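*Asks:* Input input30.tsv, format and content: TSV, C-alpha atoms and all ligand atoms.
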chain	number	residue	atom	x	y	z
C	1	MET	CA	-2.82	-16.76	-23.25
C	2	ARG	CA	-2.29	-13.33	-21.71
C	3	ALA	CA	-2.02	-12.98	-17.93
C	4	VAL	CA	-1.06	-10.35	-15.37
C	5	CYS	CA	2.26	-11.51	-13.93
C	6	TRP	CA	4.15	-10.34	-10.84
C	7	HIS	CA	7.74	-9.32	-11.52
C	8	GLY	CA	8.67	-7.52	-8.30
C	9	LYS	CA	7.71	-4.55	-6.20
C	10	HIS	CA	5.52	-2.16	-8.24
C	11	ASP	CA	6.12	-4.25	-11.36
C	12	VAL	CA	3.27	-6.26	-12.88
C	13	ARG	CA	3.19	-7.02	-16.61
C	14	VAL	CA	0.79	-8.57	-19.07
C	15	ASP	CA	2.77	-11.56	-20.34
C	16	GLU	CA	2.14	-14.33	-22.86
C	17	VAL	CA	2.11	-17.55	-20.83
C	18	ALA	CA	1.11	-21.19	-21.39
C	19	ASP	CA	-2.59	-22.05	-21.20
C	20	PRO	CA	-3.61	-23.83	-17.97
C	21	GLN	CA	-4.23	-27.59	-18.13
C	22	ILE	CA	-6.46	-29.95	-16.16
C	23	VAL	CA	-4.14	-31.72	-13.70
C	24	SER	CA	-6.62	-33.38	-11.36
C	25	LYS	CA	-9.98	-34.99	-12.12
C	26	GLY	CA	-11.81	-32.43	-9.95
C	27	ASP	CA	-10.47	-29.45	-11.96
C	28	VAL	CA	-12.20	-27.23	-14.45
C	29	ILE	CA	-10.74	-24.61	-16.77
C	30	VAL	CA	-12.59	-21.30	-16.63
C	31	LYS	CA	-12.47	-18.72	-19.42
C	32	VAL	CA	-12.35	-15.55	-17.34
C	33	ALA	CA	-15.04	-13.01	-18.23
C	34	LEU	CA	-14.24	-10.43	-15.53
C	35	THR	CA	-11.58	-10.16	-12.84
C	36	CYS	CA	-10.90	-7.49	-10.21
C	37	ILE	CA	-7.89	-5.92	-8.60
C	38	CYS	CA	-8.26	-6.26	-4.83
C	39	GLY	CA	-6.82	-4.20	-2.00
C	40	SER	CA	-4.98	-7.33	-0.91
C	41	ASP	CA	-3.35	-7.54	-4.37
C	42	LEU	CA	-1.72	-4.24	-3.44
C	43	HIS	CA	0.07	-6.00	-0.54
C	44	LEU	CA	1.69	-8.23	-3.23
C	45	TYR	CA	2.28	-5.23	-5.49
C	46	ASN	CA	3.93	-3.33	-2.63
C	47	GLY	CA	6.15	-6.30	-1.79
C	48	TYR	CA	4.74	-7.02	1.67
C	49	VAL	CA	3.88	-10.67	1.03
C	50	PRO	CA	6.86	-13.06	0.90
C	51	THR	CA	7.13	-16.14	-1.35
C	52	MET	CA	6.05	-14.42	-4.58
C	53	LYS	CA	8.12	-15.48	-7.59
C	54	LYS	CA	8.72	-13.65	-10.86
C	55	GLY	CA	6.07	-14.70	-13.38
C	56	ASP	CA	3.40	-15.66	-10.83
C	57	ILE	CA	-0.08	-14.95	-12.20
C	58	MET	CA	-2.06	-12.54	-9.99
C	59	GLY	CA	-5.75	-12.35	-9.17
C	60	HIS	CA	-8.19	-14.09	-6.82
C	61	GLU	CA	-11.45	-12.38	-7.83
C	62	PHE	CA	-12.88	-13.71	-11.09
C	63	VAL	CA	-15.96	-15.08	-12.80
C	64	GLY	CA	-16.32	-16.77	-16.16
C	65	GLU	CA	-17.44	-19.70	-18.28
C	66	ILE	CA	-16.34	-23.31	-17.92
C	67	VAL	CA	-14.58	-24.48	-21.09
C	68	GLU	CA	-13.19	-27.84	-19.91
C	69	THR	CA	-13.99	-30.22	-17.06
C	70	GLY	CA	-11.97	-32.97	-15.36
C	71	SER	CA	-13.38	-36.52	-15.44
C	72	GLY	CA	-14.49	-36.31	-11.78
C	73	VAL	CA	-16.54	-33.13	-12.03
C	74	SER	CA	-20.26	-33.83	-11.70
C	75	ARG	CA	-22.03	-30.58	-10.79
C	76	PHE	CA	-20.82	-28.50	-13.74
C	77	HIS	CA	-20.63	-28.71	-17.50
C	78	VAL	CA	-18.89	-26.89	-20.31
C	79	GLY	CA	-20.75	-23.64	-20.93
C	80	ASP	CA	-21.82	-23.04	-17.30
C	81	ARG	CA	-21.20	-19.49	-16.09
C	82	VAL	CA	-19.69	-19.61	-12.61
C	83	ILE	CA	-18.61	-17.59	-9.58
C	84	VAL	CA	-15.28	-18.82	-8.15
C	85	PRO	CA	-14.65	-18.20	-4.41
C	86	PHE	CA	-11.13	-16.89	-3.70
C	87	PRO	CA	-10.28	-19.57	-1.07
C	88	ILE	CA	-9.74	-23.06	-2.45
C	89	SER	CA	-11.49	-25.73	-0.34
C	90	CYS	CA	-11.52	-29.52	-0.57
C	91	GLY	CA	-14.99	-30.00	0.92
C	92	VAL	CA	-14.09	-33.11	2.95
C	93	CYS	CA	-11.59	-32.11	5.65
C	94	TRP	CA	-12.57	-31.30	9.26
C	95	TYR	CA	-12.48	-27.53	8.59
C	96	CYS	CA	-14.57	-27.70	5.40
C	97	LYS	CA	-17.08	-29.95	7.21
C	98	HIS	CA	-17.34	-27.27	9.91
C	99	GLU	CA	-17.94	-24.49	7.37
C	100	LEU	CA	-14.50	-23.01	8.04
C	101	TRP	CA	-13.85	-23.13	4.31
C	102	SER	CA	-10.92	-20.69	4.08
C	103	LEU	CA	-9.06	-22.80	6.66
C	104	CYS	CA	-9.19	-25.97	4.52
C	105	ASP	CA	-6.51	-28.47	5.53
C	106	ASN	CA	-5.99	-30.03	2.09
C	107	SER	CA	-5.91	-27.23	-0.48
C	108	ASN	CA	-2.58	-25.61	0.43
C	109	PRO	CA	0.38	-27.86	-0.45
C	110	ASN	CA	2.74	-25.23	0.99
C	111	SER	CA	1.13	-24.80	4.40
C	112	TRP	CA	4.43	-26.00	5.94
C	113	MET	CA	5.94	-22.62	5.03
C	114	LEU	CA	3.94	-20.89	7.74
C	115	GLU	CA	3.51	-23.69	10.25
C	116	HIS	CA	6.59	-22.91	12.31
C	117	LEU	CA	5.64	-19.22	12.42
C	118	TYR	CA	1.87	-19.45	12.96
C	119	GLY	CA	1.44	-23.00	14.28
C	120	ASP	CA	-0.83	-23.75	11.32
C	121	THR	CA	-2.26	-21.83	8.40
C	122	GLY	CA	-5.16	-21.44	6.00
C	123	GLY	CA	-6.04	-23.14	2.74
C	124	GLY	CA	-4.91	-22.29	-0.77
C	125	ILE	CA	-5.80	-18.97	-2.42
C	126	PHE	CA	-5.70	-18.17	-6.13
C	127	GLY	CA	-2.88	-15.86	-7.18
C	128	TYR	CA	-1.68	-15.13	-3.68
C	129	SER	CA	1.94	-16.25	-3.22
C	130	HIS	CA	3.53	-19.67	-2.73
C	131	MET	CA	2.82	-19.77	1.00
C	132	TYR	CA	-0.87	-19.86	0.02
C	133	GLY	CA	-0.34	-22.72	-2.42
C	134	GLY	CA	1.26	-21.10	-5.46
C	135	PHE	CA	-1.97	-21.32	-7.48
C	136	SER	CA	-2.12	-19.29	-10.69
C	137	GLY	CA	-4.62	-16.47	-10.41
C	138	GLY	CA	-7.54	-15.26	-12.49
C	139	GLN	CA	-6.16	-12.01	-13.89
C	140	ALA	CA	-5.74	-14.00	-17.09
C	141	GLU	CA	-7.70	-15.24	-20.08
C	142	TYR	CA	-8.02	-18.72	-18.54
C	143	VAL	CA	-7.49	-20.26	-15.11
C	144	ARG	CA	-7.43	-23.76	-13.62
C	145	VAL	CA	-9.89	-24.17	-10.75
C	146	PRO	CA	-9.40	-27.21	-8.46
C	147	PHE	CA	-12.20	-28.86	-6.40
C	148	ALA	CA	-14.74	-27.33	-8.80
C	149	ASP	CA	-17.69	-29.31	-7.41
C	150	VAL	CA	-17.05	-27.88	-3.95
C	151	GLY	CA	-16.44	-24.23	-4.51
C	152	LEU	CA	-18.20	-22.94	-7.57
C	153	GLU	CA	-21.63	-21.37	-7.78
C	154	LYS	CA	-23.59	-21.30	-11.04
C	155	ILE	CA	-24.68	-17.83	-12.18
C	156	PRO	CA	-28.43	-17.81	-12.90
C	157	ASP	CA	-29.52	-16.83	-16.43
C	158	GLY	CA	-30.08	-13.15	-16.87
C	159	ILE	CA	-27.60	-12.04	-14.19
C	160	PRO	CA	-24.67	-10.21	-15.81
C	161	TYR	CA	-21.12	-11.08	-14.71
C	162	GLU	CA	-20.57	-7.59	-13.33
C	163	GLN	CA	-23.33	-8.01	-10.75
C	164	VAL	CA	-21.70	-11.10	-9.24
C	165	VAL	CA	-17.96	-10.62	-9.68
C	166	LEU	CA	-17.68	-9.04	-6.22
C	167	LEU	CA	-19.25	-12.16	-4.68
C	168	THR	CA	-15.88	-13.89	-5.19
C	169	ASP	CA	-14.30	-12.01	-2.28
C	170	ILE	CA	-15.10	-8.53	-1.07
C	171	CYS	CA	-18.86	-8.97	-0.74
C	172	PRO	CA	-18.69	-12.16	1.41
C	173	THR	CA	-15.63	-10.75	3.20
C	174	GLY	CA	-17.57	-7.62	4.17
C	175	TYR	CA	-20.61	-9.73	5.03
C	176	GLN	CA	-18.60	-12.03	7.30
C	177	ALA	CA	-17.06	-8.99	9.01
C	178	ALA	CA	-20.56	-7.75	9.85
C	179	ASP	CA	-21.88	-11.24	10.66
C	180	ASN	CA	-19.05	-11.69	13.21
C	181	CYS	CA	-20.37	-8.60	15.05
C	182	ASN	CA	-23.54	-10.47	16.11
C	183	ILE	CA	-25.52	-7.32	15.40
C	184	SER	CA	-28.63	-6.68	17.50
C	185	PRO	CA	-31.34	-4.16	16.56
C	186	GLY	CA	-30.26	-0.68	17.63
C	187	ASP	CA	-26.53	-1.42	17.34
C	188	THR	CA	-23.94	1.05	16.13
C	189	VAL	CA	-21.20	-0.41	13.92
C	190	ALA	CA	-18.08	1.62	13.09
C	191	VAL	CA	-15.99	0.58	10.07
C	192	TRP	CA	-12.36	1.63	9.58
C	193	GLY	CA	-11.59	1.84	5.86
C	194	CYS	CA	-14.23	2.78	3.27
C	195	GLY	CA	-12.60	0.84	0.44
C	196	PRO	CA	-14.53	-1.99	-1.26
C	197	VAL	CA	-14.51	-4.37	1.74
C	198	GLY	CA	-15.42	-1.58	4.17
C	199	LEU	CA	-18.30	-0.51	1.94
C	200	MET	CA	-19.56	-4.10	1.72
C	201	ALA	CA	-19.24	-4.45	5.51
C	202	MET	CA	-21.35	-1.31	5.97
C	203	MET	CA	-24.01	-2.49	3.49
C	204	SER	CA	-24.06	-5.86	5.27
C	205	ALA	CA	-24.26	-4.31	8.74
C	206	ARG	CA	-27.32	-2.35	7.57
C	207	HIS	CA	-28.81	-5.52	6.10
C	208	LEU	CA	-28.21	-7.39	9.38
C	209	GLY	CA	-30.06	-4.75	11.40
C	210	ALA	CA	-27.54	-2.15	12.58
C	211	GLU	CA	-29.28	1.11	13.36
C	212	ARG	CA	-26.23	3.28	12.80
C	213	VAL	CA	-23.21	2.70	10.61
C	214	ILE	CA	-20.17	4.97	10.83
C	215	GLY	CA	-17.47	4.93	8.12
C	216	ILE	CA	-13.92	6.15	8.79
C	217	ASP	CA	-11.43	7.03	6.03
C	218	ARG	CA	-9.43	9.97	4.68
C	219	PHE	CA	-10.42	9.98	0.98
C	220	PRO	CA	-13.44	12.20	0.22
C	221	GLU	CA	-14.72	9.97	-2.62
C	222	ARG	CA	-14.76	6.92	-0.35
C	223	LEU	CA	-16.51	8.79	2.46
C	224	GLN	CA	-18.99	10.08	-0.10
C	225	MET	CA	-19.70	6.55	-1.33
C	226	ALA	CA	-20.09	5.28	2.26
C	227	HIS	CA	-22.66	8.00	2.79
C	228	SER	CA	-24.56	7.51	-0.49
C	229	GLN	CA	-24.42	3.69	-0.87
C	230	CYS	CA	-24.48	2.60	2.79
C	231	ARG	CA	-26.31	5.50	4.48
C	232	ALA	CA	-23.29	5.80	6.76
C	233	GLU	CA	-22.31	8.72	8.93
C	234	VAL	CA	-18.69	9.45	8.09
C	235	LEU	CA	-15.51	10.61	9.84
C	236	ASN	CA	-12.29	11.80	8.21
C	237	TYR	CA	-9.53	10.60	10.55
C	238	GLU	CA	-7.19	13.32	9.35
C	239	GLU	CA	-9.64	15.95	10.55
C	240	VAL	CA	-10.96	14.60	13.85
C	241	ASP	CA	-9.79	12.51	16.79
C	242	VAL	CA	-11.70	9.35	15.86
C	243	ALA	CA	-12.00	7.82	19.33
C	244	GLU	CA	-13.25	11.11	20.76
C	245	ALA	CA	-15.70	11.69	17.89
C	246	LEU	CA	-17.10	8.17	18.26
C	247	GLN	CA	-17.55	8.68	22.01
C	248	ASN	CA	-19.46	11.88	21.36
C	249	MET	CA	-21.63	10.22	18.70
C	250	THR	CA	-22.61	7.34	21.00
C	251	GLY	CA	-23.43	9.13	24.24
C	252	GLY	CA	-19.97	8.43	25.69
C	253	ARG	CA	-20.21	4.64	25.35
C	254	GLY	CA	-18.50	3.87	22.03
C	255	PRO	CA	-19.69	1.72	19.09
C	256	ASP	CA	-21.05	-1.77	19.84
C	257	SER	CA	-18.82	-3.26	17.14
C	258	CYS	CA	-15.75	-2.03	15.30
C	259	ILE	CA	-14.66	-3.49	11.96
C	260	ASP	CA	-11.05	-3.21	10.71
C	261	ALA	CA	-11.21	-3.18	6.90
C	262	VAL	CA	-7.75	-1.61	6.61
C	263	GLY	CA	-5.10	-4.15	7.61
C	264	LEU	CA	-1.34	-4.08	7.69
C	265	GLU	CA	-0.78	-0.98	5.57
C	266	ALA	CA	-2.77	1.39	7.75
C	267	VAL	CA	-1.75	5.02	7.33
C	268	GLY	CA	-1.42	6.49	10.80
C	269	THR	CA	-1.39	10.08	11.89
C	270	GLY	CA	0.97	11.91	14.24
C	271	ILE	CA	3.79	10.32	16.21
C	272	GLU	CA	2.23	6.83	16.21
C	273	GLY	CA	1.94	6.85	12.41
C	274	ILE	CA	5.59	7.81	11.95
C	275	TYR	CA	6.65	5.20	14.53
C	276	ASP	CA	4.84	2.41	12.64
C	277	SER	CA	6.16	3.45	9.22
C	278	VAL	CA	9.76	3.60	10.40
C	279	LYS	CA	9.58	0.27	12.22
C	280	GLN	CA	7.91	-1.46	9.25
C	281	THR	CA	10.47	-0.03	6.81
C	282	LEU	CA	13.30	-1.23	9.04
C	283	ARG	CA	11.55	-4.63	9.27
C	284	LEU	CA	11.34	-4.25	13.07
C	285	GLU	CA	7.62	-4.90	12.80
C	286	THR	CA	5.82	-6.45	9.84
C	287	ASP	CA	2.44	-4.74	10.10
C	288	ARG	CA	1.33	-1.17	10.77
C	289	THR	CA	-1.44	-1.12	13.28
C	290	SER	CA	-2.77	2.39	13.77
C	291	ALA	CA	-6.29	1.36	12.70
C	292	LEU	CA	-6.28	-1.63	15.03
C	293	ARG	CA	-5.20	0.49	17.98
C	294	GLN	CA	-7.97	3.03	17.29
C	295	LEU	CA	-10.58	0.27	17.03
C	296	THR	CA	-9.60	-1.15	20.39
C	297	LYS	CA	-9.67	2.24	22.05
C	298	ALA	CA	-13.01	3.28	20.56
C	299	CYS	CA	-15.04	0.10	21.05
C	300	ARG	CA	-17.52	0.02	23.93
C	301	LYS	CA	-16.90	-2.30	26.88
C	302	GLY	CA	-18.01	-5.84	26.07
C	303	GLY	CA	-18.06	-5.00	22.36
C	304	THR	CA	-16.71	-6.83	19.30
C	305	LEU	CA	-13.65	-6.21	17.15
C	306	SER	CA	-13.98	-7.77	13.71
C	307	ILE	CA	-10.78	-7.82	11.68
C	308	VAL	CA	-10.92	-8.43	7.92
C	309	GLY	CA	-8.04	-6.26	6.78
C	310	VAL	CA	-5.08	-8.54	6.09
C	311	TYR	CA	-2.31	-8.88	8.70
C	312	SER	CA	0.75	-10.99	8.05
C	313	GLY	CA	3.15	-11.02	10.95
C	314	PHE	CA	4.04	-9.38	14.22
C	315	ILE	CA	2.82	-6.10	15.58
C	316	ASP	CA	4.08	-3.65	18.09
C	317	ASN	CA	2.24	-1.61	20.70
C	318	PHE	CA	-0.79	-3.87	20.49
C	319	PRO	CA	-3.22	-2.86	23.26
C	320	MET	CA	-3.83	-6.26	24.78
C	321	GLY	CA	-4.48	-4.56	28.11
C	322	ALA	CA	-7.46	-2.67	26.66
C	323	ILE	CA	-8.90	-5.86	25.14
C	324	PHE	CA	-8.71	-7.53	28.54
C	325	ALA	CA	-9.89	-4.58	30.65
C	326	LYS	CA	-12.86	-3.85	28.35
C	327	GLY	CA	-13.79	-7.50	27.85
C	328	LEU	CA	-13.69	-7.27	24.05
C	329	THR	CA	-14.34	-10.17	21.68
C	330	LEU	CA	-12.00	-10.43	18.70
C	331	HIS	CA	-12.82	-12.10	15.38
C	332	ALA	CA	-10.38	-12.28	12.47
C	333	GLY	CA	-9.53	-14.17	9.33
C	334	GLN	CA	-10.17	-14.79	5.66
C	335	ALA	CA	-13.79	-15.05	4.60
C	336	HIS	CA	-15.48	-18.45	4.41
C	337	VAL	CA	-16.87	-17.47	1.02
C	338	HIS	CA	-18.53	-20.84	0.35
C	339	LYS	CA	-20.69	-20.42	3.47
C	340	TYR	CA	-22.14	-17.05	2.40
C	341	LEU	CA	-22.20	-17.31	-1.39
C	342	PRO	CA	-25.65	-18.90	-1.94
C	343	HIS	CA	-27.33	-16.40	0.41
C	344	LEU	CA	-25.57	-13.39	-1.12
C	345	LEU	CA	-26.34	-14.57	-4.66
C	346	LYS	CA	-30.01	-14.76	-3.69
C	347	LEU	CA	-29.87	-11.19	-2.33
C	348	VAL	CA	-28.37	-10.02	-5.64
C	349	GLU	CA	-31.07	-11.88	-7.60
C	350	GLU	CA	-33.78	-10.28	-5.46
C	351	GLN	CA	-32.09	-6.90	-5.96
C	352	GLN	CA	-31.70	-6.45	-2.21
C	353	LEU	CA	-27.97	-6.09	-2.69
C	354	ASN	CA	-26.12	-4.35	-5.50
C	355	PRO	CA	-22.38	-4.88	-5.03
C	356	SER	CA	-21.57	-3.59	-8.52
C	357	SER	CA	-22.57	-0.09	-7.42
C	358	ILE	CA	-19.05	0.44	-6.08
C	359	ILE	CA	-17.24	-0.41	-9.34
C	360	THR	CA	-15.66	2.80	-10.65
C	361	HIS	CA	-13.30	1.54	-13.39
C	362	ARG	CA	-13.80	-0.97	-16.23
C	363	LEU	CA	-10.69	-1.73	-18.31
C	364	PRO	CA	-9.30	-4.38	-20.67
C	365	LEU	CA	-6.82	-6.78	-19.03
C	366	ASP	CA	-3.99	-5.27	-21.09
C	367	GLN	CA	-4.25	-2.09	-19.06
C	368	ALA	CA	-3.56	-3.88	-15.75
C	369	PRO	CA	-0.11	-2.29	-15.14
C	370	GLY	CA	-1.55	1.22	-15.26
C	371	ALA	CA	-4.65	0.09	-13.36
C	372	TYR	CA	-2.54	-1.17	-10.43
C	373	LYS	CA	-0.87	2.24	-10.25
C	374	THR	CA	-4.18	4.09	-10.37
C	375	PHE	CA	-5.60	1.87	-7.63
C	376	LEU	CA	-2.51	2.12	-5.44
C	377	ASN	CA	-2.42	5.90	-5.62
C	378	LYS	CA	-6.22	6.26	-5.33
C	379	GLN	CA	-6.12	8.37	-8.48
C	380	ASP	CA	-9.15	9.30	-10.53
C	381	ALA	CA	-11.51	8.67	-7.55
C	382	CYS	CA	-10.75	4.94	-8.02
C	383	ILE	CA	-12.56	2.56	-5.64
C	384	LYS	CA	-12.87	-0.75	-7.52
C	385	ILE	CA	-11.36	-1.80	-10.85
C	386	VAL	CA	-12.75	-4.59	-13.01
C	387	LEU	CA	-10.59	-5.98	-15.82
C	388	ASN	CA	-11.96	-7.76	-18.88
C	389	PRO	CA	-9.52	-10.35	-20.31
C	390	GLN	CA	-11.67	-11.01	-23.36
C	391	GLU	CA	-11.84	-7.39	-24.48
C	392	SER	CA	-8.66	-6.51	-26.33
C	393	ALA	CA	-7.44	-2.97	-26.05
C	394	SER	CA	-9.01	-1.03	-28.91
C	395	ALA	CA	-7.23	1.59	-30.98
C	396	ALA	CA	-8.54	4.28	-28.65
C	397	ARG	CA	-6.89	2.59	-25.69
C	398	PRO	CA	-3.19	1.93	-25.15
C	399	GLY	CA	-2.16	-1.43	-26.63
C	400	PRO	CA	-0.34	-4.11	-24.64
C	401	GLU	CA	3.07	-2.62	-25.47
C	402	GLU	CA	2.10	0.85	-24.33
C	403	ALA	CA	0.30	-0.49	-21.26
C	404	ARG	CA	3.47	-2.33	-20.33
C	405	ALA	CA	5.35	0.95	-20.42
C	406	VAL	CA	2.83	2.80	-18.20
C	501	ZN	ZN	-9.79	-9.76	-2.86
C	502	ZN	ZN	-10.98	-28.86	3.22
Let me see the file written as structure tokens.
*Replies:*
Amino acid sequence: MRAVCWHGKHDVRVDEVADPQIVSKGDVIVKVALTCICGSDLHLYNGYVPTMKKGDIMGHEFVGEIVETGSGVSRFHVGDRVIVPFPISCGVCWYCKHELWSLCDNSNPNSWMLEHLYGDTGGGIFGYSHMYGGFSGGQAEYVRVPFADVGLEKIPDGIPYEQVVLLTDICPTGYQAADNCNISPGDTVAVWGCGPVGLMAMMSARHLGAERVIGIDRFPERLQMAHSQCRAEVLNYEEVDVAEALQNMTGGRGPDSCIDAVGLEAVGTGIEGIYDSVKQTLRLETDRTSALRQLTKACRKGGTLSIVGVYSGFIDNFPMGAIFAKGLTLHAGQAHVHKYLPHLLKLVEEQQLNPSSIITHRLPLDQAPGAYKTFLNKQDACIKIVLNPQESASAARPGPEEARAV
């Protein structure tokens, strides 16, 4: 089969690889209908996530049809169309039983890699390095999905794949970010980063009752989408002092909740931005934190910081004093997709939520190398790219060989 494989920094290729096999009785094989490139795939692409190996198959956002089931699978059959959550969860450990699905204790055979650094770590994730289990990802024609009875959700008849493919990650991730803010009627929620997760967080904050939603970014097309799709007020952080603008917009108090949908590759401005870039390049700090510092400064006293942008290591100049002095609550972590999926699927079915409205690019899988570049450089007003592994590149499109050379 064909699959998008990691070969090093800024080097992904569509390779011919062996088809996946059932290895455990709870597995299914899914024929991938659609798969997305995620902002967190760019951390792999940019070489910020250790324990990637040449030839690893990328991709943790995918939907498709079951073509083979292990002998222990009871909830699904060949031919079922399914949504696959990006975290892999066993369903029986203490964490899964407490709905902390992405922290599953049994699904990551390589959790020891991070234990001495973090104390403990999360469950397995498709296509996301060996420290998250080394599972092959879904940017491929086929993928093996373990613990199928636990994680998968059947797609109701009549719902196209495109409407639900974002329920695999960014939609529940954005929803959890907003849910962690414990929004009360009248609340103002500010969201740093108007990429896919930020947009979903804003839509979710509206759905959960926020009166005002404020989106912060520097790309006009993202700010425009935040305004049109999420009815957000918007701030361009290259044009205004964000903390000051937010104070002015909220009568001097600051937003009730601040969501970080940026993560470790935040692009800072001024002296602080240069400081972070230099230290990260020299490996003196692992993560750039300009967004996180702004969030902490801007949030009202007693407010909530909700962090969904990915962080991986140690940070410098972290304003712990402000968190303490202002009595802030901090939430962070990977989304517990399994917890939110049924509810979000119902909202899509009832047309209360339309995640696919943020998809800007639809391409055959063969064009993945160029697509990663487009997404990285935010070219062509790109916000979210969906790849179709079953559609082969037509004569009008570059073939696999040309795509490889892009
Ligand atoms: Zn993702
Ligand atoms: Zn578990």
*Asks:* Please report, as JSON lines, each residue of chain C lying at most 7 Å from ligand ZN 501 (chain C), together with the nearest pair of atoms and the separation in Å rounded to one decimal; use only C-alpha atoms and all ligand atoms, and order rows by chain and ascending residue number.
*Replies:*
{"residue": "C:Cys38", "atom": "CA", "partner": "C:ZN501", "partner_atom": "ZN", "distance": 4.3}
{"residue": "C:Gly39", "atom": "CA", "partner": "C:ZN501", "partner_atom": "ZN", "distance": 6.4}
{"residue": "C:Ser40", "atom": "CA", "partner": "C:ZN501", "partner_atom": "ZN", "distance": 5.7}
{"residue": "C:Asp41", "atom": "CA", "partner": "C:ZN501", "partner_atom": "ZN", "distance": 7.0}
{"residue": "C:His60", "atom": "CA", "partner": "C:ZN501", "partner_atom": "ZN", "distance": 6.1}
{"residue": "C:Glu61", "atom": "CA", "partner": "C:ZN501", "partner_atom": "ZN", "distance": 5.9}
{"residue": "C:Asp169", "atom": "CA", "partner": "C:ZN501", "partner_atom": "ZN", "distance": 5.1}
{"residue": "C:Ile170", "atom": "CA", "partner": "C:ZN501", "partner_atom": "ZN", "distance": 5.7}
*Asks:* Which residues, protein or nucleic acid, reach to within 6 Å of (-16.3, -21.6, -0.2) in the file's coordinates when using all atoms listed in the file, and can you give that as a PyMOL selection string?
*Replies:* chain C and resi 85+101+151+336-339
*Asks:* Pull C-alpha atoms from the residues just selected and write them as a PDB file, in the frame of the given file.
*Replies:*
ATOM      1  CA  PRO C  85     -14.650 -18.200  -4.410  1.00  0.00           C
ATOM      2  CA  TRP C 101     -13.850 -23.130   4.310  1.00  0.00           C
ATOM      3  CA  GLY C 151     -16.440 -24.230  -4.510  1.00  0.00           C
ATOM      4  CA  HIS C 336     -15.480 -18.450   4.410  1.00  0.00           C
ATOM      5  CA  VAL C 337     -16.870 -17.470   1.020  1.00  0.00           C
ATOM      6  CA  HIS C 338     -18.530 -20.840   0.350  1.00  0.00           C
ATOM      7  CA  LYS C 339     -20.690 -20.420   3.470  1.00  0.00           C
TER       8      LYS C 339
END
*Asks:* Which neighbours of Asn108 of chain C fall inside 10 Å, counting all atoms listed in the file, when residues of the same chain fewer than 3 positions from it are skipped, and could you give them as a compact mmCIF listing (two decimals) with C-alpha atoms, in the frame of the given file?
*Replies:*
# COMPACT_ATOMS: atom_id res chain seq x y z
CA PRO C 87 -10.28 -19.57 -1.07
CA ILE C 88 -9.74 -23.06 -2.45
CA SER C 89 -11.49 -25.73 -0.34
CA CYS C 90 -11.52 -29.52 -0.57
CA LEU C 103 -9.06 -22.80 6.66
CA CYS C 104 -9.19 -25.97 4.52
CA ASP C 105 -6.51 -28.47 5.53
CA SER C 111 1.13 -24.80 4.40
CA TRP C 112 4.43 -26.00 5.94
CA THR C 121 -2.26 -21.83 8.40
CA GLY C 122 -5.16 -21.44 6.00
CA GLY C 123 -6.04 -23.14 2.74
CA GLY C 124 -4.91 -22.29 -0.77
CA ILE C 125 -5.80 -18.97 -2.42
CA HIS C 130 3.53 -19.67 -2.73
CA MET C 131 2.82 -19.77 1.00
CA TYR C 132 -0.87 -19.86 0.02
CA GLY C 133 -0.34 -22.72 -2.42
CA GLY C 134 1.26 -21.10 -5.46
CA PHE C 135 -1.97 -21.32 -7.48
*Asks:* As an exercise, work out the distance from atom CA of Arg2 of chain C to atom CA of Val14 of chain C in Å and give it to one decimal place.
*Replies:* 6.3 Å
*Asks:* Work out how far apart atom CA of Leu330 of chain C and atom CA of Met200 of chain C are and give it in Å to one decimal.
*Replies:*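 Here the two named atoms are 19.6 Å from each other.
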*Asks:* Atom CA of Val197 of chain C and atom CA of Ala261 of chain C are how many Å apart?
*Replies:*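 Going from atom CA of Val197 of chain C over to atom CA of Ala261 of chain C, I get 6.2 Å.
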*Asks:* Could you tell me which of C:Gln294, C:Thr168, C:Gln247, C:Ser102 comes closest to ligand ZN 502 (chain C) if we count all atoms listed in the file?
*Replies:*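 Of C:Gln294, C:Thr168, C:Gln247, C:Ser102, the one nearest ligand ZN 502 (chain C) is C:Ser102, counting all atoms listed in the file.
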*Asks:* Neighbouring residues of segment 299-314 of chain C were defined as those with any atom within 6 Å, considering all atoms listed in the file; residues of the same chain fewer than 6 positions away were excluded. Please report them as a ChimeraX atom specification.
*Replies:* /C:177,181,253-264,285-286,326-332
*Asks:* Output C-alpha atoms for every residue in the selection just made, as a CSV table (one decimal), in the coordinates of the input.
*Replies:*
chain,number,residue,atom,x,y,z
C,177,ALA,CA,-17.1,-9.0,9.0
C,181,CYS,CA,-20.4,-8.6,15.0
C,253,ARG,CA,-20.2,4.6,25.4
C,254,GLY,CA,-18.5,3.9,22.0
C,255,PRO,CA,-19.7,1.7,19.1
C,256,ASP,CA,-21.0,-1.8,19.8
C,257,SER,CA,-18.8,-3.3,17.1
C,258,CYS,CA,-15.8,-2.0,15.3
C,259,ILE,CA,-14.7,-3.5,12.0
C,260,ASP,CA,-11.0,-3.2,10.7
C,261,ALA,CA,-11.2,-3.2,6.9
C,262,VAL,CA,-7.8,-1.6,6.6
C,263,GLY,CA,-5.1,-4.2,7.6
C,264,LEU,CA,-1.3,-4.1,7.7
C,285,GLU,CA,7.6,-4.9,12.8
C,286,THR,CA,5.8,-6.4,9.8
C,326,LYS,CA,-12.9,-3.8,28.4
C,327,GLY,CA,-13.8,-7.5,27.8
C,328,LEU,CA,-13.7,-7.3,24.0
C,329,THR,CA,-14.3,-10.2,21.7
C,330,LEU,CA,-12.0,-10.4,18.7
C,331,HIS,CA,-12.8,-12.1,15.4
C,332,ALA,CA,-10.4,-12.3,12.5
